[in-house]
Each structure stands twice: as structure tokens, then as C-alpha cells.
file run-v1.txt (compact mmCIF, C-alpha atoms)
# COMPACT_ATOMS: atom_id res chain seq x y z
CA MET A 1 -4.10 -8.95 7.25
CA ASP A 2 -2.30 -12.18 6.47
CA VAL A 3 0.89 -12.34 4.42
CA LYS A 4 -0.74 -13.41 1.16
CA GLU A 5 -3.24 -10.54 1.37
CA ARG A 6 -0.39 -8.12 2.10
CA ILE A 7 1.47 -9.34 -0.99
CA ILE A 8 -1.61 -8.87 -3.17
CA SER A 9 -2.15 -5.39 -1.69
CA ASP A 10 1.50 -4.47 -2.33
CA MET A 11 1.22 -5.82 -5.86
CA GLN A 12 -1.76 -3.52 -6.51
CA GLU A 13 0.10 -0.60 -4.92
CA ALA A 14 3.08 -1.29 -7.20
CA ILE A 15 0.77 -0.93 -10.21
CA LYS A 16 -0.36 2.48 -8.95
CA GLN A 17 3.26 3.53 -8.37
CA LYS A 18 4.27 2.16 -11.79
CA ASP A 19 6.89 -0.06 -10.15
CA SER A 20 6.98 -2.83 -12.74
CA PHE A 21 9.81 -4.77 -11.05
CA LYS A 22 7.95 -5.05 -7.75
CA HIS A 23 4.63 -5.81 -9.46
CA ASP A 24 6.09 -8.49 -11.75
CA THR A 25 8.08 -10.12 -8.95
CA LEU A 26 5.12 -10.26 -6.56
CA LYS A 27 2.86 -11.47 -9.37
CA ARG A 28 5.22 -14.40 -10.02
CA LEU A 29 5.22 -15.17 -6.29
CA ASN A 30 1.42 -15.02 -6.17
CA THR A 31 1.29 -17.37 -9.16
CA VAL A 32 3.34 -19.89 -7.16
CA PHE A 33 0.81 -19.56 -4.30
CA GLU A 34 -2.07 -20.18 -6.70
CA GLN A 35 -0.35 -23.21 -8.22
CA VAL A 36 0.10 -24.74 -4.77
CA GLU A 37 -3.51 -23.97 -3.79
CA VAL A 38 -4.89 -25.53 -6.97
CA GLY A 39 -2.47 -28.46 -6.98
CA GLU A 40 -3.01 -29.37 -3.34
CA GLN A 41 -6.59 -28.06 -3.15
CA VAL A 42 -5.90 -26.13 0.06
CA GLU A 43 -6.16 -22.59 1.34
CA LEU A 44 -2.66 -21.39 2.27
CA ASN A 45 -2.03 -20.26 5.83
CA ASN A 46 0.80 -17.94 6.84
CA GLU A 47 3.18 -20.77 7.79
CA ARG A 48 2.78 -22.39 4.36
CA VAL A 49 3.21 -19.01 2.66
CA TYR A 50 6.44 -18.50 4.64
CA LYS A 51 7.72 -21.88 3.48
CA ILE A 52 6.97 -21.03 -0.14
CA ILE A 53 8.67 -17.64 0.16
CA THR A 54 11.70 -19.27 1.78
CA SER A 55 11.82 -21.81 -1.04
CA GLU A 56 11.66 -19.02 -3.63
CA ILE A 57 14.47 -17.16 -1.85
CA LYS A 58 16.62 -20.31 -1.94
CA LYS A 59 15.96 -20.67 -5.69
CA ARG A 60 17.01 -17.05 -6.23
CA LYS A 61 20.18 -17.52 -4.15
CA ASP A 62 21.13 -20.57 -6.20
CA ALA A 63 20.44 -18.71 -9.44
CA MET A 64 22.41 -15.70 -8.19
CA ALA A 65 25.45 -17.90 -7.49
CA GLU A 66 25.22 -19.39 -10.99
CA HIS A 67 24.85 -15.94 -12.56
CA LYS A 68 27.89 -14.63 -10.68
CA GLN A 69 29.90 -17.65 -11.75
CA ALA A 70 28.85 -17.03 -15.37
CA GLN A 71 29.81 -13.33 -15.02
CA LYS A 72 26.21 -12.16 -15.56
CA GLN A 73 26.13 -9.36 -13.00
CA ASP A 74 22.86 -7.84 -14.24
CA LEU A 75 20.99 -11.09 -13.59
CA ALA A 76 22.73 -11.56 -10.24
CA GLN A 77 21.63 -8.05 -9.20
CA LYS A 78 18.06 -8.80 -10.26
CA ASP A 79 18.10 -11.97 -8.14
CA ALA A 80 19.46 -9.99 -5.17
CA LYS A 81 16.66 -7.41 -5.52
CA GLU A 82 14.04 -10.18 -5.64
CA ILE A 83 15.53 -11.81 -2.52
CA ALA A 84 15.42 -8.48 -0.67
CA LEU A 85 11.80 -7.96 -1.72
CA PHE A 86 10.75 -11.47 -0.61
CA GLU A 87 12.53 -11.12 2.73
CA ASN A 88 10.20 -8.22 3.58
CA TYR A 89 7.36 -10.73 3.86
CA LEU A 90 9.09 -13.13 6.24
CA PRO A 91 8.97 -12.70 10.02
CA ARG A 92 11.94 -11.05 11.69
CA GLN A 93 14.86 -13.47 11.80
CA LEU A 94 16.26 -14.35 15.21
CA SER A 95 19.73 -13.02 15.95
CA ASP A 96 22.51 -15.51 16.60
CA GLU A 97 22.36 -14.76 20.32
CA GLU A 98 18.58 -15.25 20.49
CA LEU A 99 18.84 -18.43 18.45
CA GLU A 100 21.64 -19.86 20.58
CA LYS A 101 19.81 -19.07 23.83
CA ALA A 102 16.57 -20.67 22.60
CA LEU A 103 18.38 -23.73 21.26
CA LYS A 104 20.27 -24.27 24.52
CA LYS A 105 16.95 -24.21 26.34
CA LEU A 106 15.40 -26.62 23.82
CA LEU A 107 18.34 -29.06 24.00
CA VAL A 108 18.13 -29.18 27.80
CA GLU A 109 14.33 -29.40 27.81
CA PHE A 110 14.32 -32.43 25.49
CA SER A 111 17.58 -33.90 26.89
CA PHE A 112 19.44 -33.79 23.58
CA PHE A 113 23.14 -34.09 24.44
CA SER A 114 24.83 -35.97 21.59
CA MET A 115 25.24 -35.57 17.84
CA LYS A 116 23.12 -38.71 17.38
CA GLU A 117 20.12 -36.60 18.39
CA HIS A 118 20.81 -33.81 15.89
CA ASN A 119 17.86 -34.68 13.64
CA LYS A 120 15.44 -34.95 16.55
CA ALA A 121 16.64 -31.58 17.85
CA LEU A 122 16.34 -30.03 14.39
CA LYS A 123 12.77 -31.30 14.05
CA GLU A 124 11.79 -29.74 17.39
CA ALA A 125 13.59 -26.51 16.52
CA LYS A 126 11.82 -26.22 13.16
CA ALA A 127 8.48 -26.60 14.94
CA LEU A 128 9.48 -24.00 17.53
CA PHE A 129 10.97 -21.33 15.27
CA GLY A 130 8.98 -21.73 12.07
CA ALA A 131 10.04 -19.09 9.56
CA SER A 132 11.85 -16.90 12.10
CA ALA A 133 15.08 -18.87 11.70
CA ASP A 134 16.65 -20.37 8.61
CA VAL A 135 16.87 -24.17 8.91
CA LYS A 136 20.48 -24.18 7.74
CA ARG A 137 21.45 -21.70 10.48
CA VAL A 138 19.53 -23.72 13.07
CA SER A 139 21.21 -26.95 11.99
CA GLU A 140 24.68 -25.41 12.16
CA MET A 141 23.98 -23.96 15.60
CA ILE A 142 22.68 -27.30 16.89
CA ARG A 143 25.85 -29.01 15.61
CA LYS A 144 27.97 -26.41 17.37
CA LEU A 145 26.07 -26.78 20.65
CA LEU A 146 26.05 -30.59 20.60
CA SER A 147 29.75 -30.95 19.82

call {"tool": "encode", "arguments": {"input": "run-v1.txt", "output": "C-alpha cells"}}
result
Amino acid sequence: MDVKERIISDMQEAIKQKDSFKHDTLKRLNTVFEQVEVGEQVELNNERVYKIITSEIKKRKDAMAEHKQAQKQDLAQKDAKEIALFENYLPRQLSDEELEKALKKLLVEFSFFSMKEHNKALKEAKALFGASADVKRVSEMIRKLLS
């Protein structure tokens, strides 16, 4: 079962369990999927679904920071719950040790040894890790290893 099918299945299960928060949140996420499919006239694969979920998580994190700054704790908590729910559908994130080991190997393999090659290294790393490592974390780790 691919990720999108799992989300739809969980959305239907949430209806049965009368979990309106989970149902509504997953329904909004599924709506984003449908908008992309219709707008781009494509069938979404898992990698594209992961990118959309990651984008939605980033939006929620930004909103959560704004809500905390505005002292709206109830909205910040709602954002945090949505982030936690969305993260369930992403692949397991690499630990810092796993990420560092894989990046060291990648940097040697492609002969990236200076900060000038940061963007090239990041491009290769994104292709290698996909959704199993946050791009911001990967970029920071590459900077650390190249400096």
C-alpha cells in the first residue's frame, strides 16, 4: 500500500473511530494531493507525496512559531498535533550518526572537499536520501563536514 492509500485508509478509519481531528487533518492533506494531481495532471508517487507532506509540515512549523509569538497556545498545540500526525507518514529519519557516515562517504565518492561544492553535494545528498533526511539538516551537516 502506498502512502497516499494509507492516508485515505486512515482517514476512513478516523471516521469510524469518530476522531474528527485526525479525519479533518488528513482530509485537508488529501485535498492538497488532489490539487497537485489536477493542477499538474499527474498521478502522485510516494516521493512526491513525501515532498508535499514535508512542505505541509514546514507550513505548520512556521504557523506554530507565529502562534507562539502571538501567545495563541491553543493554535500552536493544534499545529504541533498536525505535525506529529503528518510525520507518521514520512519514512524513518536518519539519525545524526547515520547521516554523518553516509555524507562522509558521499563527499569522498564525489570528491567534494571545499565549501564551493556545497550545492553540488547537497543536490547529490537530496537524491540519495529523499525524504529520510530533512534538507536543512543535510545542508548543515555538509557545511560542518566541508569546513

call {"tool": "residues_around", "arguments": {"input": "run-v1.txt", "residues": "range 143-147 of chain A", "least_positions_apart": "5", "cutoff": "6 Å", "atoms": "all atoms listed in the file", "output": "JSON, numbers by chain"}}
result
{"A": [113, 114, 115]}

call {"tool": "atom_distance", "arguments": {"input": "run-v1.txt", "atom1": "CA of Glu98 in chain A", "atom2": "CA of Asp134 in chain A"}}
result
13.1 Å

call {"tool": "residues_around", "arguments": {"input": "run-v1.txt", "residues": "range 21-26 of chain A", "least_positions_apart": "6", "cutoff": "7 Å", "atoms": "all atoms listed in the file", "output": "JSON, numbers by chain"}}
result
{"A": [7, 11, 14, 15, 82]}

call {"tool": "closest_residue", "arguments": {"input": "run-v1.txt", "among": "A:Ala84, A:Val36, A:Leu106, A:Met64", "to": "Val138 in chain A", "atoms": "only C-alpha atoms"}}
result
A:Leu106

call {"tool": "atom_distance", "arguments": {"input": "run-v1.txt", "atom1": "CA of Ser139 in chain A", "atom2": "CA of Glu117 in chain A"}}
result
11.6 Å

call {"tool": "decode", "arguments": {"input": "run-v1.txt", "residues": "range 23-55 of chain A", "atoms": "N, CA and C atoms", "output": "CSV table (one decimal), in the first residue's frame"}}
result
chain,number,residue,atom,x,y,z
A,23,HIS,N,-9.4,12.9,11.1
A,23,HIS,CA,-10.1,12.9,9.9
A,23,HIS,C,-10.0,14.2,9.1
A,24,ASP,N,-10.2,15.3,9.8
A,24,ASP,CA,-10.2,16.6,9.2
A,24,ASP,C,-8.8,17.0,8.7
A,25,THR,N,-7.8,16.6,9.5
A,25,THR,CA,-6.4,16.9,9.2
A,25,THR,C,-6.0,16.2,7.9
A,26,LEU,N,-6.3,14.9,7.9
A,26,LEU,CA,-5.9,14.0,6.8
A,26,LEU,C,-6.7,14.4,5.5
A,27,LYS,N,-7.9,14.8,5.7
A,27,LYS,CA,-8.8,15.3,4.6
A,27,LYS,C,-8.1,16.5,3.9
A,28,ARG,N,-7.7,17.5,4.8
A,28,ARG,CA,-7.0,18.6,4.2
A,28,ARG,C,-5.8,18.3,3.5
A,29,LEU,N,-5.0,17.3,4.0
A,29,LEU,CA,-3.8,16.8,3.3
A,29,LEU,C,-4.1,16.2,2.0
A,30,ASN,N,-5.2,15.3,2.0
A,30,ASN,CA,-5.6,14.7,0.8
A,30,ASN,C,-6.1,15.7,-0.3
A,31,THR,N,-6.7,16.8,0.2
A,31,THR,CA,-7.1,17.8,-0.7
A,31,THR,C,-5.9,18.5,-1.4
A,32,VAL,N,-4.8,18.6,-0.7
A,32,VAL,CA,-3.6,19.2,-1.2
A,32,VAL,C,-3.1,18.2,-2.3
A,33,PHE,N,-3.1,16.9,-2.0
A,33,PHE,CA,-2.7,15.9,-3.0
A,33,PHE,C,-3.6,16.1,-4.3
A,34,GLU,N,-4.9,16.1,-4.1
A,34,GLU,CA,-5.8,16.2,-5.3
A,34,GLU,C,-5.5,17.5,-6.1
A,35,GLN,N,-5.3,18.6,-5.4
A,35,GLN,CA,-5.0,19.9,-6.1
A,35,GLN,C,-3.7,19.8,-6.9
A,36,VAL,N,-2.7,19.1,-6.4
A,36,VAL,CA,-1.5,18.9,-7.2
A,36,VAL,C,-1.7,18.0,-8.4
A,37,GLU,N,-2.5,16.9,-8.1
A,37,GLU,CA,-2.7,16.0,-9.2
A,37,GLU,C,-3.5,16.6,-10.4
A,38,VAL,N,-4.5,17.4,-10.0
A,38,VAL,CA,-5.3,18.1,-11.0
A,38,VAL,C,-4.5,19.2,-11.7
A,39,GLY,N,-3.8,20.0,-10.9
A,39,GLY,CA,-3.1,21.1,-11.4
A,39,GLY,C,-1.9,20.7,-12.3
A,40,GLU,N,-1.3,19.6,-12.0
A,40,GLU,CA,-0.1,19.2,-12.8
A,40,GLU,C,-0.5,18.0,-13.7
A,41,GLN,N,-1.7,17.5,-13.6
A,41,GLN,CA,-2.2,16.4,-14.3
A,41,GLN,C,-1.3,15.2,-14.3
A,42,VAL,N,-1.0,14.8,-13.0
A,42,VAL,CA,-0.1,13.7,-12.8
A,42,VAL,C,-0.6,12.8,-11.7
A,43,GLU,N,-0.2,11.5,-11.7
A,43,GLU,CA,-0.5,10.6,-10.6
A,43,GLU,C,0.7,10.7,-9.6
A,44,LEU,N,0.4,11.0,-8.3
A,44,LEU,CA,1.5,11.2,-7.4
A,44,LEU,C,2.1,9.9,-7.0
A,45,ASN,N,3.4,9.8,-7.0
A,45,ASN,CA,4.2,8.7,-6.5
A,45,ASN,C,4.6,9.0,-5.0
A,46,ASN,N,5.1,8.0,-4.3
A,46,ASN,CA,5.5,8.2,-2.9
A,46,ASN,C,6.4,9.3,-2.7
A,47,GLU,N,7.4,9.5,-3.5
A,47,GLU,CA,8.4,10.5,-3.4
A,47,GLU,C,7.8,11.9,-3.4
A,48,ARG,N,6.9,12.1,-4.4
A,48,ARG,CA,6.1,13.4,-4.5
A,48,ARG,C,5.2,13.6,-3.3
A,49,VAL,N,4.6,12.5,-2.8
A,49,VAL,CA,3.7,12.6,-1.6
A,49,VAL,C,4.6,13.0,-0.4
A,50,TYR,N,5.8,12.4,-0.3
A,50,TYR,CA,6.7,12.8,0.8
A,50,TYR,C,7.0,14.3,0.8
A,51,LYS,N,7.3,14.8,-0.4
A,51,LYS,CA,7.7,16.2,-0.6
A,51,LYS,C,6.5,17.1,-0.2
A,52,ILE,N,5.3,16.7,-0.5
A,52,ILE,CA,4.1,17.5,-0.2
A,52,ILE,C,3.9,17.5,1.3
A,53,ILE,N,4.1,16.3,1.9
A,53,ILE,CA,3.9,16.2,3.4
A,53,ILE,C,5.0,17.0,4.1
A,54,THR,N,6.2,17.0,3.6
A,54,THR,CA,7.3,17.8,4.2
A,54,THR,C,7.0,19.3,4.1
A,55,SER,N,6.4,19.7,3.0
A,55,SER,CA,6.1,21.1,2.8
A,55,SER,C,5.0,21.5,3.7
